[in-house]
Amino acid sequence: MIATKDWLKASWDASKDMLAPFAGPSLDDAPASTPLMVPIRSLGPSYRERITQHLLQLEPPDRYLRFGYAATDEQIRRYTERLDFDRDEIFGIYNRRLELIAMAHLAFAEHPEHKQCAEFGVSVLKQARGRGFGARLFDRAIMHARNAGVSMVFIHALTENTAMLKIARNAGATVQRDGSESEAYLQIPPASLDTRMTEIVEQQFAEMDYRLKRQAKQFWDFLAGVQEVRKGVQHGRHQSAE
């Protein structure tokens, strides 16, 4: 978990970064050594279409690793249509253009006898790999799971999904391999005042970051429109002069 003062500094840095045009660097094209002060938002039902578009952008090998099978566009749409935002938690990372470049699904058990268990799944677009976003989403999900009373988090992944299994092992999870598939499970401690306060701070930081990005995008979209009109006027003047 990150200290509150570090989140405040990150929010100040993010607000200054929003003043730069979209042609500049952003989360998905920054170098891998960039410090991971990454705002992670909790996504609700109104973001279902953005989640769908994110998953549809996954290339065939990535879809295979994420779902455990070669998911078609139609299967992905059915998956997102069935997301239960009341029961589960969806987390996302946006770049400056408000594109969803990474997301995680923390699915809570439906059966009352297993209410202290949850399953974690994550996807990161190809252009955003190597930045540690998967690990950051995992940390965020684990913290939420603790605060929600979960004591065991499971990760079901193909054995060849080494990136996901590495995240699980680094967190201290036990990984059991069964041929082409692996099952990881992580025992997590109960919530504390620190985890509860940290989740509140992180969520507030993510919401502020998103509002800044949205305002910046609206400004640059407006400016692009003005420049387009200006070019049209200039073109009209040149034609009149001819």
# chains A, B, ... in the order shown; residues from 1 in each chain; ligands from 1
call {"tool": "closest_atom_pairs", "arguments": {"of": "stretch 82-138 of chain A", "to": "stretch 189-211 of chain A", "cutoff": "9 Å", "atoms": "only C-alpha atoms", "output": "Markdown table"}}
result
| residue | atom | partner | partner_atom | distance |
| --- | --- | --- | --- | --- |
| A:Ile93 | CA | A:Ala206 | CA | 9.0 |
| A:Tyr94 | CA | A:Tyr210 | CA | 7.9 |
| A:Arg96 | CA | A:Tyr210 | CA | 8.8 |
| A:Leu98 | CA | A:Tyr210 | CA | 7.9 |
call {"tool": "write_last_selection", "arguments": {"atoms": "N, CA and C atoms", "output": "PDB file, in the first residue's frame"}}
result
ATOM      1  N   ILE A  93      -7.995   0.763 -15.297  1.00  0.00           N
ATOM      2  CA  ILE A  93      -6.959   1.788 -15.442  1.00  0.00           C
ATOM      3  C   ILE A  93      -7.157   2.463 -16.794  1.00  0.00           C
ATOM      4  N   TYR A  94      -7.229   3.792 -16.774  1.00  0.00           N
ATOM      5  CA  TYR A  94      -7.420   4.572 -17.993  1.00  0.00           C
ATOM      6  C   TYR A  94      -6.136   5.317 -18.349  1.00  0.00           C
ATOM      7  N   ARG A  96      -4.589   8.706 -20.734  1.00  0.00           N
ATOM      8  CA  ARG A  96      -4.995  10.108 -20.857  1.00  0.00           C
ATOM      9  C   ARG A  96      -6.161  10.296 -21.827  1.00  0.00           C
ATOM     10  N   LEU A  98      -8.668   8.458 -22.002  1.00  0.00           N
ATOM     11  CA  LEU A  98      -9.803   7.788 -21.375  1.00  0.00           C
ATOM     12  C   LEU A  98     -10.082   6.432 -22.021  1.00  0.00           C
TER      13      LEU A  98
END
call {"tool": "select_by_dssp", "arguments": {"residues": "stretch 28-208 of chain A", "states": "strand (DSSP E or B)", "output": "PyMOL selection string"}}
result
chain A and resi 41-43+89-94+100-108+117-124+152-158+174-178+181-187
call {"tool": "closest_residue", "arguments": {"among": "A:Ile101, A:Leu56, A:Asp84, A:Ala109", "to": "A:Arg131", "atoms": "only C-alpha atoms"}}
result
A:Ile101
call {"tool": "closest_residue", "arguments": {"among": "A:Val153, A:Ala148, A:Met164, A:Ile90", "to": "A:Gly132", "atoms": "only C-alpha atoms"}}
result
A:Met164
call {"tool": "closest_residue", "arguments": {"among": "A:Leu100, A:Val150, A:Ala135, A:Ala118", "to": "A:Thr52", "atoms": "only C-alpha atoms"}}
result
A:Leu100
call {"tool": "residues_around", "arguments": {"residues": "A:Pro61", "least_positions_apart": "4", "cutoff": "12 Å", "atoms": "only C-alpha atoms", "output": "PyMOL selection string"}}
result
chain A and resi 57+65-72+123+125-126+158+160-161
call {"tool": "residues_around", "arguments": {"residues": "A:Leu43", "least_positions_apart": "6", "cutoff": "10 Å", "atoms": "only C-alpha atoms", "output": "list in words"}}
result
Arg50, Ile51, Phe85, Glu89, Ile90, Phe91, Gly92, Ile93, Met103, Ala104 and His105 of chain A
call {"tool": "residues_around", "arguments": {"residues": "A:Val175", "least_positions_apart": "4", "cutoff": "7 Å", "atoms": "only C-alpha atoms", "output": "list in words"}}
result
Ser182, Glu183, Ala184 and Tyr185 of chain A
call {"tool": "write_last_selection", "arguments": {"atoms": "C-alpha atoms", "output": "PDB file, in the first residue's frame"}}
result
ATOM      1  CA  SER A 182      -2.956 -24.101 -12.753  1.00  0.00           C
ATOM      2  CA  GLU A 183      -4.833 -23.056  -9.640  1.00  0.00           C
ATOM      3  CA  ALA A 184      -3.435 -20.448  -7.270  1.00  0.00           C
ATOM      4  CA  TYR A 185      -4.933 -19.567  -3.930  1.00  0.00           C
TER       5      TYR A 185
END
call {"tool": "atom_distance", "arguments": {"atom1": "atom CA of A:Arg82", "atom2": "atom CA of A:Ser46"}}
result
13.6 Å
call {"tool": "select_by_dssp", "arguments": {"residues": "stretch 109-167 of chain A", "states": "helix (DSSP H, G or I)", "output": "list in words"}}
result
Pro112, Glu113, His114, Lys126, Gln127, Ala128, Phe133, Gly134, Ala135, Arg136, Leu137, Phe138, Asp139, Arg140, Ala141, Ile142, Met143, His144, Ala145, Arg146, Asn147, Thr162, Ala163, Met164, Leu165, Lys166 and Ile167 of chain A
